[in-house]
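The structure appears right after this line, and notes come after that.
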Amino acid sequence: MFAVVTFASLFALVSTAVADTMLAAVYEPGNNNLVLNPNYPVPTPGEGQVVLKVAACGVCHSDVFFLSAAHPDPRTYIMGHEIVGTPVQLGPGVLSNISTSQLYGVHVVDPTTANPLQFDTGVGFDGGYAEFVLVNQLQLIPVPAGLAPEIAALAADSLTTAYNAVANAGQVSPGDRVLIYGVGGLGHQALQVAKHLGATVFAVDIRPEARQLALDLGAERAFDLIDLTNVVGNGTFQVDTVVDFVASAQSSAVAYRSSLGIDYVRVAKHGKIVMVGWSAESLTFDSADFIANDIAVIGSLYGSPDDMRTALDLLAQGVVKPNVTVAALEDINTVLSALSAHEITGRTVVVPGLKSNTTSSRR
């Protein structure tokens, strides 16, 4: 189905000259596929802004969520928010330490925006499923030398989100027992972060290949749904923290039962359920049990610029080794369809300029 490309060739794609128009994958209301526009105008930087040539952009399940119209968005914009790139145009007022030879990750949130929850890069504002992207200089975080763009891109969203969920929201510490629910693009990285923080980590996923990936990455045990339901139901399994990357009615119910304290691990209360996955499903909980057992349900959304710097360091040091597949920008709808169908193990990253129908895996 796909030919193989060498990773050395990915770096050469960064040096393409700036043109007046570019290829972009555009979200249009009422369309459940992105529209590939080969003549989208290349942006011009304003005060404090930078135009990056996109080196790589990760494909996130939240884009599938938006395209499903679960929460209809009337705006038209380029999707893609997990971006790394190199500056090619600097607007007036850009600081002198912004270098055109440096690869940067883009923190999704523009701090100068009045409503950052509604307007982020790739969500409301034009994003990285394009050859070029316009960002504020304050969003730029340098990528450590030697870190490949298709790996570094994950720090712009998925690893930063996973790190924030595990380290900050979940406050995972040595000796904790942690269940990762959903070993996808974020979950397989969260598993590694939890291991790095000294936890004993378990995983659950419906896909055999995802369970195997979890075991390969150091999970103590990787359950399918039947096995997990059985061990939770008979009282032989309990954890301190559940990090839920699925957020379905089923996952929330299992997460709740897994967090109830029992004598098996000598933890009676204080469990945590960290909700990360985007879902339109209604989740049902028994508040009396939550209160009686002191179980905290915590929503976790993205992370800070410092979290992103930490994520880049974890990648550069090889602490987190993501399972990455690269694909061409022209194939973005194929990638999104595969992601929606749960056919992707790990993370897929699109690379503008890569030949269509070309993928290669990297770990």
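All residue names refer to the structure tokens as shown: chains lettered A, B, ... in order, residues numbered from 1 in each chain, ligands numbered from 1 in order.
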Open item on the list: Can you tell me which residues surround Gly128 of chain A at a distance of at most 7 Å, considering only C-alpha atoms, apart from same-chain residues fewer than 4 positions away, and format the answer as a PyMOL selection string?
Closed with: chain A and resi 54+57+79-81+83+122+133
Selection from above, N, CA and C atoms, as a short mmCIF file (atom, residue, chain, number, x, y, z; two decimals), in the first residue's frame, can you write it?
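Saved as part-v6.cif:
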```
data_model
loop_
_atom_site.label_atom_id
_atom_site.label_comp_id
_atom_site.auth_asym_id
_atom_site.auth_seq_id
_atom_site.Cartn_x
_atom_site.Cartn_y
_atom_site.Cartn_z
N VAL A 54 6.14 24.18 7.87
CA VAL A 54 5.77 23.03 8.68
C VAL A 54 6.67 21.85 8.31
N CYS A 57 3.39 17.49 11.41
CA CYS A 57 2.20 17.81 12.22
C CYS A 57 1.51 16.51 12.59
N MET A 79 -7.02 22.70 9.85
CA MET A 79 -6.83 21.92 11.07
C MET A 79 -5.35 21.56 11.26
N GLY A 80 -5.08 20.90 12.39
CA GLY A 80 -3.72 20.44 12.70
C GLY A 80 -3.08 21.30 13.78
N HIS A 81 -2.86 20.72 14.97
CA HIS A 81 -2.36 21.53 16.08
C HIS A 81 -1.12 20.94 16.76
N ILE A 83 2.41 20.69 15.98
CA ILE A 83 3.23 21.24 14.90
C ILE A 83 4.68 21.47 15.33
N GLY A 122 -4.92 25.66 14.89
CA GLY A 122 -5.52 24.42 14.43
C GLY A 122 -6.92 24.19 14.93
N VAL A 133 2.51 27.79 8.40
CA VAL A 133 1.55 28.13 9.45
C VAL A 133 2.00 29.43 10.12
#
```
Open item on the list: Can you pull out every residue from segment 212-241 of chain A that DSSP, working from the backbone, puts in strand (DSSP E or B), and format the result as a PyMOL selection string?
Closed with: chain A and resi 221-223+241
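Of the residues listed (A:Ala203, A:Val59, A:Val64, A:Leu90), A:Leu90 shows the shortest atom-to-atom separation from Pro45 of chain A; distances use only C-alpha atoms.
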Open item on the list: Report, in Å to a single decimal, how far apart atom CA of Val108 of chain A and atom CA of Leu36 of chain A are.
Closed with: 22.2 Å
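Nearest-residue note for Thr112 of chain A: choosing from A:Val135, A:Leu228, A:His270, A:Ala156, the minimum distance belongs to A:Val135, counting only C-alpha atoms.
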Open item on the list: Counting only C-alpha atoms, which residue out of A:Ala130, A:Val324, A:Ile291, A:Lys53 sits closest to Tyr40 of chain A?
Closed with: A:Ala130
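You can rank A:Ala190, A:Val246, A:Leu354, A:Val35 by their closest distance to Ala56 of chain A using only C-alpha atoms, and at the top of that list sits A:Leu354.
Counting only C-alpha atoms, the residue from A:Gly105, A:Gly124, A:Gly48, A:Gly233 that sits nearest to Pro149 of chain A is A:Gly105.
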- [ ] Name all residues at most 12 Å from Ile226 of chain A (count only C-alpha atoms; drop same-chain ones fewer than 3 positions away) and give them as a PyMOL selection string.
- [x] chain A and resi 204-206+222-223+229-233+250+254
Excluding segment 328-343 of chain A and residues on its chain fewer than 3 positions from it, collect all residues at most 7 Å away from it, counting only C-alpha atoms, and give them as a PDB file with N, CA, C and O atoms, in the first residue's frame.
```pdb
ATOM      1  N   ASN A  33     -14.978  15.364   5.921  1.00  0.00           N
ATOM      2  CA  ASN A  33     -13.601  15.227   5.454  1.00  0.00           C
ATOM      3  C   ASN A  33     -12.984  16.619   5.334  1.00  0.00           C
ATOM      4  O   ASN A  33     -13.699  17.611   5.128  1.00  0.00           O
ATOM      5  N   LEU A  34     -11.673  16.702   5.477  1.00  0.00           N
ATOM      6  CA  LEU A  34     -10.998  17.966   5.221  1.00  0.00           C
ATOM      7  C   LEU A  34     -10.900  18.197   3.718  1.00  0.00           C
ATOM      8  O   LEU A  34     -10.775  17.249   2.930  1.00  0.00           O
ATOM      9  N   HIS A  61      -6.835  12.640  17.644  1.00  0.00           N
ATOM     10  CA  HIS A  61      -8.205  12.126  17.642  1.00  0.00           C
ATOM     11  C   HIS A  61      -9.222  13.231  17.874  1.00  0.00           C
ATOM     12  O   HIS A  61     -10.385  13.098  17.491  1.00  0.00           O
ATOM     13  N   VAL A  64     -10.802  14.125  14.682  1.00  0.00           N
ATOM     14  CA  VAL A  64     -11.890  13.209  14.332  1.00  0.00           C
ATOM     15  C   VAL A  64     -13.165  13.624  15.045  1.00  0.00           C
ATOM     16  O   VAL A  64     -14.260  13.636  14.468  1.00  0.00           O
ATOM     17  N   TYR A 129      -1.900  21.431   9.198  1.00  0.00           N
ATOM     18  CA  TYR A 129      -2.101  20.546   8.047  1.00  0.00           C
ATOM     19  C   TYR A 129      -1.944  21.385   6.782  1.00  0.00           C
ATOM     20  O   TYR A 129      -2.858  21.576   5.991  1.00  0.00           O
ATOM     21  N   VAL A 350       1.816  13.794   9.802  1.00  0.00           N
ATOM     22  CA  VAL A 350       1.876  14.136   8.382  1.00  0.00           C
ATOM     23  C   VAL A 350       3.052  15.075   8.139  1.00  0.00           C
ATOM     24  O   VAL A 350       3.382  15.917   8.978  1.00  0.00           O
ATOM     25  N   VAL A 351       3.670  14.884   6.979  1.00  0.00           N
ATOM     26  CA  VAL A 351       4.848  15.663   6.589  1.00  0.00           C
ATOM     27  C   VAL A 351       4.573  16.311   5.236  1.00  0.00           C
ATOM     28  O   VAL A 351       4.513  15.620   4.214  1.00  0.00           O
ATOM     29  N   PRO A 352       4.363  17.632   5.194  1.00  0.00           N
ATOM     30  CA  PRO A 352       4.158  18.299   3.908  1.00  0.00           C
ATOM     31  C   PRO A 352       5.355  18.082   2.983  1.00  0.00           C
ATOM     32  O   PRO A 352       6.513  18.165   3.403  1.00  0.00           O
ATOM     33  N   GLY A 353       5.055  17.790   1.739  1.00  0.00           N
ATOM     34  CA  GLY A 353       6.115  17.547   0.760  1.00  0.00           C
ATOM     35  C   GLY A 353       6.475  16.091   0.589  1.00  0.00           C
ATOM     36  O   GLY A 353       7.146  15.723  -0.378  1.00  0.00           O
ATOM     37  N   LEU A 354       6.048  15.253   1.539  1.00  0.00           N
ATOM     38  CA  LEU A 354       6.272  13.823   1.398  1.00  0.00           C
ATOM     39  C   LEU A 354       5.383  13.280   0.291  1.00  0.00           C
ATOM     40  O   LEU A 354       4.255  13.732   0.114  1.00  0.00           O
ATOM     41  N   LYS A 355       5.879  12.325  -0.458  1.00  0.00           N
ATOM     42  CA  LYS A 355       5.120  11.771  -1.560  1.00  0.00           C
ATOM     43  C   LYS A 355       3.858  11.088  -1.058  1.00  0.00           C
ATOM     44  O   LYS A 355       3.858  10.356  -0.071  1.00  0.00           O
ATOM     45  N   SER A 356       2.747  11.330  -1.747  1.00  0.00           N
ATOM     46  CA  SER A 356       1.467  10.745  -1.351  1.00  0.00           C
ATOM     47  C   SER A 356       1.533   9.221  -1.373  1.00  0.00           C
ATOM     48  O   SER A 356       2.245   8.624  -2.196  1.00  0.00           O
ATOM     49  N   ASN A 357       0.774   8.608  -0.442  1.00  0.00           N
ATOM     50  CA  ASN A 357       0.747   7.150  -0.269  1.00  0.00           C
ATOM     51  C   ASN A 357       2.097   6.586   0.167  1.00  0.00           C
ATOM     52  O   ASN A 357       2.454   5.463  -0.133  1.00  0.00           O
ATOM     53  N   THR A 358       2.855   7.441   0.889  1.00  0.00           N
ATOM     54  CA  THR A 358       4.138   7.014   1.429  1.00  0.00           C
ATOM     55  C   THR A 358       4.075   7.084   2.947  1.00  0.00           C
ATOM     56  O   THR A 358       3.744   8.114   3.499  1.00  0.00           O
TER      57      THR A 358
END
```
